[in-house]
Every structure is written in C-alpha cells, then in structure tokens.
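Engineer: So here's query04.txt, just compact mmCIF, C-alpha atoms:
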```txt
# COMPACT_ATOMS: atom_id res chain seq x y z
CA MET A 1 62.51 64.30 -0.62
CA THR A 2 60.15 64.53 -3.61
CA ARG A 3 56.51 64.11 -2.53
CA ILE A 4 54.17 62.75 -5.21
CA ASP A 5 50.39 62.21 -4.78
CA LEU A 6 48.79 60.65 -7.87
CA HIS A 7 45.10 60.39 -6.90
CA CYS A 8 43.16 63.58 -6.03
CA HIS A 9 39.63 64.81 -6.69
CA SER A 10 38.10 68.25 -7.19
CA THR A 11 34.61 69.67 -7.64
CA ALA A 12 34.83 68.54 -11.27
CA SER A 13 33.58 65.25 -9.78
CA ASP A 14 33.02 64.57 -6.08
CA GLY A 15 35.72 66.54 -4.29
CA THR A 16 34.97 69.64 -2.22
CA LEU A 17 37.81 71.85 -3.49
CA THR A 18 37.73 73.51 -6.89
CA PRO A 19 40.58 72.57 -9.22
CA ALA A 20 42.30 75.87 -8.38
CA GLU A 21 41.83 75.31 -4.65
CA LEU A 22 43.15 71.77 -5.05
CA MET A 23 46.35 73.07 -6.62
CA ALA A 24 46.84 75.57 -3.79
CA ALA A 25 46.17 72.85 -1.22
CA GLY A 26 48.75 70.60 -2.88
CA ALA A 27 51.38 73.29 -2.66
CA SER A 28 50.48 73.99 0.99
CA ALA A 29 50.77 70.27 1.74
CA GLY A 30 54.33 70.29 0.46
CA LEU A 31 53.67 68.23 -2.64
CA ASP A 32 56.07 68.41 -5.57
CA VAL A 33 53.80 66.45 -7.94
CA MET A 34 50.05 65.91 -7.80
CA ALA A 35 47.48 64.39 -10.13
CA ILE A 36 43.94 65.56 -10.71
CA THR A 37 41.94 62.36 -11.26
CA ASP A 38 38.26 63.22 -11.16
CA HIS A 39 35.71 60.50 -11.82
CA ASP A 40 35.06 59.98 -15.52
CA THR A 41 35.91 63.55 -16.52
CA THR A 42 38.69 65.87 -17.63
CA GLY A 43 36.53 68.85 -16.68
CA GLY A 44 38.97 70.15 -14.09
CA TRP A 45 42.10 69.97 -16.22
CA ALA A 46 42.11 73.50 -17.64
CA ALA A 47 41.37 75.25 -14.35
CA ALA A 48 43.97 73.17 -12.52
CA ALA A 49 46.59 73.92 -15.17
CA ALA A 50 45.81 77.65 -15.05
CA ALA A 51 46.11 77.72 -11.24
CA ARG A 52 49.19 75.50 -10.92
CA PRO A 53 51.63 77.13 -8.49
CA ALA A 54 55.29 77.42 -9.41
CA GLY A 55 57.21 74.39 -8.24
CA LEU A 56 54.22 72.02 -8.38
CA THR A 57 54.06 69.56 -11.28
CA LEU A 58 50.55 68.65 -12.44
CA ILE A 59 49.65 65.23 -13.80
CA ARG A 60 46.35 65.31 -15.66
CA GLY A 61 44.27 62.17 -15.43
CA ALA A 62 40.91 60.64 -14.56
CA GLU A 63 39.51 57.79 -12.50
CA LEU A 64 37.44 55.57 -14.78
CA SER A 65 34.43 53.58 -13.62
CA CYS A 66 35.03 50.00 -14.75
CA ARG A 67 33.73 46.51 -14.12
CA TRP A 68 35.04 42.98 -14.45
CA TYR A 69 32.42 40.79 -16.09
CA GLY A 70 34.24 37.51 -15.49
CA VAL A 71 32.01 36.66 -12.50
CA GLU A 72 28.33 37.03 -11.70
CA PRO A 73 27.51 39.55 -10.45
CA ALA A 74 30.27 41.57 -12.08
CA ILE A 75 32.75 43.35 -9.81
CA PRO A 76 33.04 47.15 -10.04
CA LEU A 77 36.53 48.64 -9.90
CA HIS A 78 38.35 51.88 -10.68
CA LEU A 79 41.12 52.52 -13.17
CA LEU A 80 43.36 55.56 -12.87
CA ALA A 81 44.30 56.88 -16.30
CA TYR A 82 47.20 59.30 -16.52
CA LEU A 83 48.35 61.71 -19.24
CA PHE A 84 46.01 60.50 -21.99
CA ASP A 85 44.91 62.56 -24.98
CA PRO A 86 41.50 64.04 -24.00
CA ALA A 87 40.63 64.42 -27.69
CA ASP A 88 40.94 60.70 -28.40
CA PRO A 89 37.50 59.95 -29.91
CA VAL A 90 36.95 56.55 -28.29
CA LEU A 91 37.95 57.54 -24.78
CA ALA A 92 36.18 60.91 -25.03
CA ALA A 93 32.95 59.14 -26.03
CA ASP A 94 33.34 56.69 -23.13
CA LEU A 95 33.71 59.55 -20.67
CA VAL A 96 30.60 61.30 -22.00
CA ARG A 97 28.59 58.09 -21.66
CA LEU A 98 29.81 57.49 -18.10
CA ARG A 99 29.02 61.05 -16.99
CA THR A 100 25.55 60.94 -18.56
CA ASP A 101 24.81 57.69 -16.76
CA ARG A 102 26.11 59.11 -13.47
CA GLU A 103 23.66 61.99 -13.70
CA GLN A 104 20.73 59.77 -14.64
CA ARG A 105 21.60 57.40 -11.80
CA ALA A 106 21.75 60.24 -9.28
CA GLU A 107 18.35 61.50 -10.42
CA LYS A 108 16.86 58.02 -9.92
CA ILE A 109 18.31 57.80 -6.42
CA VAL A 110 16.85 61.20 -5.53
CA GLU A 111 13.46 60.08 -6.88
CA LEU A 112 13.58 56.93 -4.71
CA LEU A 113 14.48 58.94 -1.63
CA ARG A 114 11.74 61.50 -2.26
CA ALA A 115 9.20 58.72 -2.78
CA ASP A 116 10.01 57.62 0.77
CA GLY A 117 9.48 61.11 2.10
CA VAL A 118 13.12 62.21 2.30
CA ALA A 119 13.25 66.01 2.05
CA ILE A 120 15.93 66.49 -0.61
CA SER A 121 15.61 67.66 -4.21
CA TRP A 122 17.41 67.22 -7.51
CA PRO A 123 18.18 70.96 -7.86
CA GLU A 124 19.90 70.83 -4.45
CA VAL A 125 21.98 67.76 -5.33
CA SER A 126 22.87 69.16 -8.73
CA ALA A 127 23.96 72.43 -7.12
CA TYR A 128 26.36 70.57 -4.84
CA ALA A 129 28.06 69.19 -7.96
CA ALA A 130 28.69 72.79 -9.07
CA GLY A 131 28.63 71.87 -12.73
CA GLY A 132 30.88 68.85 -12.27
CA SER A 133 30.18 65.15 -12.61
CA VAL A 134 27.30 64.28 -10.24
CA GLY A 135 27.92 61.42 -7.81
CA ARG A 136 26.57 59.82 -4.68
CA PRO A 137 28.67 62.09 -2.41
CA HIS A 138 26.53 65.00 -3.58
CA ILE A 139 23.41 63.10 -2.49
CA ALA A 140 25.19 62.40 0.79
CA GLN A 141 25.64 66.16 1.22
CA ALA A 142 21.89 66.61 0.87
CA LEU A 143 21.23 63.87 3.43
CA ILE A 144 23.66 65.55 5.84
CA ARG A 145 21.95 68.92 5.30
CA ALA A 146 18.58 67.28 6.03
CA GLY A 147 19.94 65.96 9.34
CA LEU A 148 19.42 62.31 8.36
CA VAL A 149 23.10 61.34 8.54
CA ARG A 150 26.16 62.97 10.07
CA THR A 151 28.87 61.95 7.62
CA THR A 152 29.42 60.80 4.04
CA ASP A 153 30.44 57.36 5.35
CA GLU A 154 27.12 57.07 7.19
CA ALA A 155 25.26 58.06 4.01
CA PHE A 156 27.05 55.27 2.15
CA ALA A 157 25.98 52.63 4.69
CA SER A 158 23.45 49.96 3.75
CA ARG A 159 20.51 51.85 5.26
CA TRP A 160 21.01 54.58 2.71
CA LEU A 161 23.07 54.74 -0.48
CA GLY A 162 24.97 51.50 0.12
CA ALA A 163 22.01 49.17 -0.36
CA ARG A 164 18.50 50.47 0.23
CA TYR A 165 18.85 53.26 -2.32
CA LEU A 166 21.54 51.67 -4.46
CA VAL A 167 21.02 52.10 -8.21
CA PRO A 168 23.41 50.34 -10.64
CA LYS A 169 25.45 52.47 -13.00
CA ALA A 170 27.07 51.89 -16.37
CA ASP A 171 30.76 50.98 -16.27
CA LEU A 172 33.45 50.23 -18.82
CA ASP A 173 34.67 46.69 -19.31
CA VAL A 174 38.03 46.85 -17.57
CA PHE A 175 39.94 45.13 -20.39
CA GLU A 176 38.48 47.52 -22.95
CA ALA A 177 39.27 50.44 -20.67
CA VAL A 178 42.92 49.44 -20.32
CA ARG A 179 43.28 49.11 -24.09
CA THR A 180 41.44 52.39 -24.75
CA VAL A 181 43.60 54.34 -22.29
CA ARG A 182 46.74 52.91 -23.90
CA ALA A 183 45.47 53.75 -27.40
CA ALA A 184 44.89 57.33 -26.20
CA GLY A 185 48.53 57.57 -25.12
CA GLY A 186 47.66 57.20 -21.45
CA VAL A 187 48.99 55.10 -18.60
CA PRO A 188 46.47 52.86 -16.75
CA VAL A 189 46.93 52.05 -13.04
CA PHE A 190 44.51 49.88 -11.04
CA ALA A 191 43.16 51.96 -8.12
CA HIS A 192 43.09 50.40 -4.61
CA PRO A 193 42.91 46.82 -6.00
CA ASN A 194 42.86 45.03 -2.61
CA ALA A 195 40.45 47.34 -0.76
CA THR A 196 38.20 44.70 0.79
CA VAL A 197 36.61 47.42 2.93
CA ARG A 198 34.93 48.60 -0.28
CA GLY A 199 33.41 45.19 -1.07
CA ARG A 200 34.45 42.36 -3.34
CA ILE A 201 37.87 42.50 -4.95
CA VAL A 202 39.18 40.79 -8.05
CA PRO A 203 41.54 37.80 -7.82
CA ASP A 204 45.23 38.18 -8.57
CA LYS A 205 44.80 36.10 -11.72
CA LEU A 206 42.72 38.89 -13.23
CA ILE A 207 45.49 41.39 -12.56
CA VAL A 208 47.90 39.03 -14.33
CA GLU A 209 45.57 39.08 -17.36
CA LEU A 210 45.20 42.87 -17.19
CA ALA A 211 48.97 43.26 -17.12
CA ALA A 212 49.14 41.24 -20.33
CA ALA A 213 46.47 43.55 -21.81
CA GLY A 214 48.47 46.71 -21.02
CA LEU A 215 47.90 47.57 -17.35
CA PHE A 216 50.89 49.61 -16.21
CA GLY A 217 50.61 49.75 -12.44
CA LEU A 218 48.86 49.02 -9.14
CA GLU A 219 47.99 51.54 -6.46
CA ALA A 220 49.48 49.89 -3.36
CA ASP A 221 49.65 52.53 -0.64
CA HIS A 222 46.09 53.73 -0.01
CA GLU A 223 44.04 54.37 3.12
CA ASP A 224 41.67 51.50 2.27
CA HIS A 225 44.53 48.96 2.21
CA THR A 226 45.83 47.33 5.36
CA VAL A 227 49.58 47.05 5.87
CA GLU A 228 49.35 43.43 4.70
CA GLN A 229 47.34 44.37 1.62
CA ARG A 230 49.85 47.06 0.69
CA ALA A 231 52.66 44.54 0.92
CA HIS A 232 50.69 42.03 -1.16
CA VAL A 233 49.96 44.56 -3.91
CA ARG A 234 53.59 45.67 -4.02
CA ALA A 235 54.80 42.08 -4.28
CA LEU A 236 52.32 41.39 -7.08
CA ALA A 237 53.38 44.52 -8.95
CA ASP A 238 57.02 43.51 -8.60
CA ARG A 239 56.30 40.00 -9.87
CA LEU A 240 54.45 41.33 -12.92
CA GLY A 241 56.85 44.17 -13.70
CA LEU A 242 54.24 46.82 -12.91
CA VAL A 243 54.80 50.08 -11.08
CA ALA A 244 53.46 50.36 -7.53
CA THR A 245 52.03 53.75 -6.59
CA GLY A 246 50.83 55.44 -3.43
CA SER A 247 48.14 58.12 -3.25
CA SER A 248 45.79 59.88 -0.87
CA ASP A 249 42.59 59.58 -2.95
CA PHE A 250 41.86 63.02 -1.55
CA HIS A 251 38.27 64.30 -1.73
CA GLY A 252 38.42 67.32 0.56
CA SER A 253 35.91 67.29 3.41
CA HIS A 254 34.15 64.21 1.98
CA LYS A 255 36.98 62.09 3.45
CA THR A 256 39.32 62.48 6.40
CA VAL A 257 42.48 61.54 4.49
CA ARG A 258 44.91 64.41 3.87
CA LEU A 259 46.84 65.27 0.72
CA GLY A 260 50.15 63.44 0.67
CA ALA A 261 49.01 60.88 3.26
CA PHE A 262 50.40 58.26 0.88
CA THR A 263 52.88 59.02 -1.86
CA THR A 264 54.49 57.49 -4.94
CA ASP A 265 58.18 56.67 -5.25
CA PRO A 266 59.92 59.02 -7.73
CA GLY A 267 61.17 56.04 -9.76
CA ALA A 268 57.61 54.76 -10.30
CA TYR A 269 56.46 58.27 -11.21
CA GLU A 270 59.25 58.64 -13.76
CA ARG A 271 58.25 55.36 -15.40
CA ILE A 272 54.64 56.59 -15.71
CA VAL A 273 55.69 59.86 -17.32
CA ALA A 274 58.09 58.09 -19.69
CA ALA A 275 55.35 55.69 -20.81
CA ALA A 276 52.80 58.43 -21.60
CA ALA A 277 52.24 59.70 -25.13
CA GLY A 278 49.00 61.67 -24.74
CA VAL A 279 49.71 64.90 -22.89
CA ALA A 280 52.79 65.97 -20.96
CA ALA A 281 53.25 66.54 -17.24
CA LEU A 282 52.95 70.26 -16.51
CA GLY A 283 55.83 71.55 -14.44
```
So, in terms of structure tokens, how does the structure I just supplied come out?
Structural biologist:
Amino acid sequence: MTRIDLHCHSTASDGTLTPAELMAAGASAGLDVMAITDHDTTGGWAAAAAARPAGLTLIRGAELSCRWYGVEPAIPLHLLAYLFDPADPVLAADLVRLRTDREQRAEKIVELLRADGVAISWPEVSAYAAGGSVGRPHIAQALIRAGLVRTTDEAFASRWLGARYLVPKADLDVFEAVRTVRAAGGVPVFAHPNATVRGRIVPDKLIVELAAAGLFGLEADHEDHTVEQRAHVRALADRLGLVATGSSDFHGSHKTVRLGAFTTDPGAYERIVAAAAGVAALG
C-alpha cells in the first residue's frame, strides 16, 4: 500500500531533523511520498531534493501563517501550500515578510523573558534555529535547557509562551493567501481545521467561502483531531468537492507523533499533483 505523508517539518523552520535527515527518516518509516512543509519558508527544498532517497517521492511545499479577520479578535490558522513556484514574486515577498516578523517576534519574547530574569539569550535561541526560520519551539528548547520546563508542550502552556510571554505575529489574510498560492501554481490545503485543542477554530461557513475562493483541500486525519472531528472534516470536504488529506505534522523530537502516523489516500494525492502548475513532484 502506498504511504503518503503530506505535512513534515525540518530545521528549515521548527523541526529537529535537517532536510536531509528528514528524507532519510521518511524512507526508514516506509513512506512512498512525503512533503516538506516548513513554516513560511522554502529554505529546505534544495537540501531535501538533493538527499531524496531512491523510491521516495518528494512534494515541496510550505505551511503558511494565516489569519481570518472576519471576527474580533481574528483567528490564526495554517495553510499548507504544495508545489507552488518559489520564484512567484507575490508569494516570495509574503514569505520574506512572514519570516522577518517571526524573527522579530522571537527576539521580543526573549527580551520579555530576560527582563523577568529567565536565563536564556537570543544567540542561544538563534543557534537552535540553525539558520532556519526562528519560531517559538526554539525558545522552548532554551527553556528546557534552563531547566524551567520539561517539554515543548509545557513551554507552550499559558504560564510561558502560550499567554504570559505571548507576542502577536504578522499573518497573511487567509483569502489572499489562497488566491496567492493558486496564482503561483500551488495547491492550498487547510491544515488541521478542526483542532480545538489548539484554540478557536473557524466555522464551516468560512471553509465554504474559502472553497469558492480556490481552497483545494482539508487536512482531516491529524493528531490534533478527534475521531469525530476527522469524520466531520471528511464529510465537509466531500460536500464541497475538496480533497481530504492525512498527515503526521512531524517535527522530530519537538512532538511525539511519528512520520506516517496519519497518511493521505493515493487518490487525493493524485488530485493535488494534477492540480499543481508551479513545480513538479520529485520522484
């Protein structure tokens, strides 16, 4: 049976495996297809492509930081973008802006923590990112090293990065993001849309509107969805004519989920590849 995992992260953003190590791990996990979808960056694409083992198909993509501004306060969400042209000027500029804001946000969080006497530093946090897109998991690593928390999940709790030291970040308007990804030849899929464990979620009516704007799919099978939520997302995708995907959202040691824990049906994968006009699947 073909095993397809369409949501994986490397050290190009907040994963703990380099792009090359991620490719090797995918092959070891028995995957036939895997996507590299780092946050707001294509920085791992070249290394992943160069290290791709024989027999493993690579889908190049990114996970875009978005927000729905139809309510107050606006709701943050993530959009998986597959096989888009990285040279598209609009999308490339958006990614630069998002990465710049991520770094500035991380620096502000470190400053707040240091002002309260927390013994971490910006050079340490930046080093954890290893030249990739800096995110809160890298600050979590520093907190773990300092002995203040034991896990990334604990670092993301309200006492720390979840509320007390929460700094807003810039996000793309989700409707603009869907249209931009499409214009760049990419395929947009809403990541973990019913994950109430992550906070507020958008109503189904918004997904209906996004589908009309060009949304191609919904990530249904994900560790942050209950069995009931997975079924709901699949039914909604079916009603709207969208593909339903399944993915691990693998981050290495930052999360306990394993590669291939959730997978995408080959038919849904084939529809994604057929709809793309930016770059090709490598395999």
Engineer: Dump as a tab-separated table the rows for residues of region 55-85 of chain A within 12 Å of region 217-233 of chain A: closest atom pair and distance in Å with one decimal, all atoms listed in the file counted, ordered by chain and rising residue number.
Structural biologist:
```
residue	atom	partner	partner_atom	distance
A:His78	CA	A:Glu219	CA	10.5
A:Leu79	CA	A:Leu218	CA	9.4
A:Leu80	CA	A:Glu219	CA	8.9
A:Ala81	CA	A:Gly217	CA	10.3
A:Tyr82	CA	A:Gly217	CA	10.9
```
Engineer: One number please: CA of Pro123 (chain A) to CA of Arg102 (chain A), in Å, one decimal.
Structural biologist: 15.3 Å
Engineer: Leaving out Arg258 (chain A) and any residue of its chain fewer than 3 positions from it, which residues lie within 10 Å of it when counting all atoms listed in the file, given as a ChimeraX atom specification?
Structural biologist: /A:25-26,29,248-253,255,261-262
Engineer: Please list as a list of chain:residue names every residue within 9 Å of Thr41 (chain A), counting only C-alpha atoms and excluding residues in the same chain fewer than 6 positions away.
Structural biologist: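 Residues near the query, excluding close chain neighbours: A:Ala12, A:Ser13, A:Gly61, A:Ala62, A:Glu63, A:Leu64, A:Ala92, A:Leu95, A:Val96, A:Leu98, A:Arg99, A:Gly132, A:Ser133.
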Engineer: Write to file, as a PDB file, in the frame of the given file, the residues of the selection just made, with C-alpha atoms.
Structural biologist:
```pdb
ATOM      1  CA  ALA A  12      34.830  68.540 -11.270  1.00  0.00           C
ATOM      2  CA  SER A  13      33.580  65.250  -9.780  1.00  0.00           C
ATOM      3  CA  GLY A  61      44.270  62.170 -15.430  1.00  0.00           C
ATOM      4  CA  ALA A  62      40.910  60.640 -14.560  1.00  0.00           C
ATOM      5  CA  GLU A  63      39.510  57.790 -12.500  1.00  0.00           C
ATOM      6  CA  LEU A  64      37.440  55.570 -14.780  1.00  0.00           C
ATOM      7  CA  ALA A  92      36.180  60.910 -25.030  1.00  0.00           C
ATOM      8  CA  LEU A  95      33.710  59.550 -20.670  1.00  0.00           C
ATOM      9  CA  VAL A  96      30.600  61.300 -22.000  1.00  0.00           C
ATOM     10  CA  LEU A  98      29.810  57.490 -18.100  1.00  0.00           C
ATOM     11  CA  ARG A  99      29.020  61.050 -16.990  1.00  0.00           C
ATOM     12  CA  GLY A 132      30.880  68.850 -12.270  1.00  0.00           C
ATOM     13  CA  SER A 133      30.180  65.150 -12.610  1.00  0.00           C
TER      14      SER A 133
END
```
Engineer: At what distance in Å, to one decimal, does CA of Gly260 (chain A) lie from CA of Leu31 (chain A)?
Structural biologist: 6.8 Å
Engineer: For each of A:Arg97, A:Arg52, A:Arg60, A:Lys169, take the minimum atom-to-atom distance to His9 (chain A), counting all atoms listed in the file, then give the residue where this is smallest.
Structural biologist: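 Closest candidate: A:Arg60.
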Engineer: Extract, using all atoms listed in the file, all DNA, RNA and protein residues at most 7 Å from Ala35 (chain A), discarding same-chain residues fewer than 4 positions from it, and format them as a list in words.
Structural biologist: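 Answer for this query is Asp5, Leu6, His7, Cys8, Leu58, Ile59, Arg60 and Gly61 of chain A.
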Engineer: Report, in Å with one decimal, the straight-line distance from CA of Val197 (chain A) to CA of Ala212 (chain A).
Structural biologist: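 According to the coordinates, CA of Val197 (chain A) and CA of Ala212 (chain A) are separated by 27.1 Å.
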Engineer: Looking at A:Ala268, A:Ile75, A:Ile120, A:Val208, which one is nearest to Asp173 (chain A), with distances taken over all atoms listed in the file?
Structural biologist: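 Smallest separation from Asp173 (chain A) among the options: A:Ile75.
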Engineer: Glu176 (chain A): which residues within 12 Å, counting only C-alpha atoms, same-chain residues fewer than 3 positions away excluded, as a list of chain:residue names?
Structural biologist: A:Leu64, A:Ser65, A:Cys66, A:Arg67, A:Trp68, A:Tyr69, A:Leu79, A:Val90, A:Leu91, A:Asp94, A:Asp171, A:Leu172, A:Asp173, A:Arg179, A:Thr180, A:Val181, A:Arg182, A:Ala183, A:Pro188, A:Leu210, A:Ala213, A:Gly214, A:Leu215
Engineer: Using only C-alpha atoms, which of the listed residues (A:Ala155, A:Gly70, A:Trp160, A:Pro19) sits closest to Lys205 (chain A)?
Structural biologist: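 Of all the options, A:Gly70 lies closest to Lys205 (chain A).
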Engineer: Here is a test: counting only C-alpha atoms, which residue of A:Asn194, A:Thr245, A:Thr152, A:Ser158 is nearest to Glu270 (chain A)?
Structural biologist: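 Checking each of A:Asn194, A:Thr245, A:Thr152, A:Ser158 against Glu270 (chain A), counting only C-alpha atoms, the winner is A:Thr245.
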Engineer: Excluding same-chain residues fewer than 5 positions from region 106-115 of chain A, what lies within 12 Å of it counting all atoms listed in the file, as a ChimeraX atom specification?
Structural biologist: /A:99-101,120-126,129,133-140,142-143,148,159-169
Engineer: Would you be able to write out as a list in words which residues have an atom within 12 Å of (32.0, 42.2, -0.4) in the file's coordinates, counting only C-alpha atoms?
Structural biologist: Pro73, Ala74, Ile75, Pro76, Gly162, Asn194, Ala195, Thr196, Val197, Arg198, Gly199, Arg200, Ile201 and Val202 of chain A
Engineer: Can I get the selection written as a tab-separated table (two decimals), in the coordinates of the input, with C-alpha atoms?
Structural biologist:
```
chain	number	residue	atom	x	y	z
A	73	PRO	CA	27.51	39.55	-10.45
A	74	ALA	CA	30.27	41.57	-12.08
A	75	ILE	CA	32.75	43.35	-9.81
A	76	PRO	CA	33.04	47.15	-10.04
A	162	GLY	CA	24.97	51.50	0.12
A	194	ASN	CA	42.86	45.03	-2.61
A	195	ALA	CA	40.45	47.34	-0.76
A	196	THR	CA	38.20	44.70	0.79
A	197	VAL	CA	36.61	47.42	2.93
A	198	ARG	CA	34.93	48.60	-0.28
A	199	GLY	CA	33.41	45.19	-1.07
A	200	ARG	CA	34.45	42.36	-3.34
A	201	ILE	CA	37.87	42.50	-4.95
A	202	VAL	CA	39.18	40.79	-8.05
```
Engineer: Which residue out of A:Asp40, A:Ala20, A:Val257, A:Arg105 has the minimum interatomic distance to Pro86 (chain A) when all atoms listed in the file are used?
Structural biologist: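 Among the listed residues, A:Asp40 lies closest to Pro86 (chain A).
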Engineer: Find the residue from A:Leu83, A:Leu56, A:Val118, A:Met34 that sits nearest to Thr264 (chain A); use only C-alpha atoms when measuring.
Structural biologist: A:Met34
Engineer: Output region 142-159 of chain A with N, CA, C and O atoms present, as a compact mmCIF listing (two decimals), in the frame of the given file.
Structural biologist:
```
# COMPACT_ATOMS: atom_id res chain seq x y z
N ALA A 142 23.29 66.24 0.65
CA ALA A 142 21.89 66.61 0.87
C ALA A 142 21.32 65.89 2.09
O ALA A 142 20.54 66.46 2.86
N LEU A 143 21.70 64.63 2.27
CA LEU A 143 21.23 63.87 3.43
C LEU A 143 21.79 64.45 4.72
O LEU A 143 21.11 64.48 5.75
N ILE A 144 23.05 64.91 4.66
CA ILE A 144 23.66 65.55 5.84
C ILE A 144 22.92 66.86 6.15
O ILE A 144 22.59 67.15 7.30
N ARG A 145 22.66 67.65 5.12
CA ARG A 145 21.95 68.92 5.30
C ARG A 145 20.58 68.69 5.91
O ARG A 145 20.11 69.46 6.77
N ALA A 146 19.92 67.59 5.52
CA ALA A 146 18.58 67.28 6.03
C ALA A 146 18.62 66.71 7.45
O ALA A 146 17.56 66.47 8.04
N GLY A 147 19.82 66.48 7.98
CA GLY A 147 19.94 65.96 9.34
C GLY A 147 19.69 64.47 9.47
O GLY A 147 19.50 63.96 10.58
N LEU A 148 19.72 63.75 8.34
CA LEU A 148 19.42 62.31 8.36
C LEU A 148 20.67 61.47 8.62
O LEU A 148 20.57 60.35 9.09
N VAL A 149 21.82 61.98 8.25
CA VAL A 149 23.10 61.34 8.54
C VAL A 149 24.08 62.42 8.97
O VAL A 149 23.86 63.60 8.73
N ARG A 150 25.17 61.99 9.61
CA ARG A 150 26.16 62.97 10.07
C ARG A 150 27.36 63.07 9.14
O ARG A 150 28.00 64.12 9.09
N THR A 151 27.66 61.97 8.43
CA THR A 151 28.87 61.95 7.62
C THR A 151 28.59 61.28 6.27
O THR A 151 27.58 60.60 6.09
N THR A 152 29.52 61.47 5.34
CA THR A 152 29.42 60.80 4.04
C THR A 152 29.48 59.29 4.22
O THR A 152 28.74 58.55 3.56
N ASP A 153 30.34 58.80 5.10
CA ASP A 153 30.44 57.36 5.35
C ASP A 153 29.11 56.80 5.82
O ASP A 153 28.69 55.70 5.41
N GLU A 154 28.43 57.53 6.70
CA GLU A 154 27.12 57.07 7.19
C GLU A 154 26.10 57.05 6.05
O GLU A 154 25.26 56.14 5.97
N ALA A 155 26.18 58.02 5.16
CA ALA A 155 25.26 58.06 4.01
C ALA A 155 25.49 56.88 3.08
O ALA A 155 24.56 56.42 2.41
N PHE A 156 26.72 56.38 3.02
CA PHE A 156 27.05 55.27 2.15
C PHE A 156 26.79 53.91 2.80
O PHE A 156 27.02 52.87 2.17
N ALA A 157 26.30 53.88 4.02
CA ALA A 157 25.98 52.63 4.69
C ALA A 157 24.74 51.99 4.05
O ALA A 157 24.02 52.61 3.27
N SER A 158 24.50 50.73 4.40
CA SER A 158 23.45 49.96 3.75
C SER A 158 22.06 50.55 3.94
O SER A 158 21.18 50.39 3.09
N ARG A 159 21.82 51.25 5.03
CA ARG A 159 20.51 51.85 5.26
C ARG A 159 20.17 52.91 4.23
O ARG A 159 19.00 53.18 3.95
```
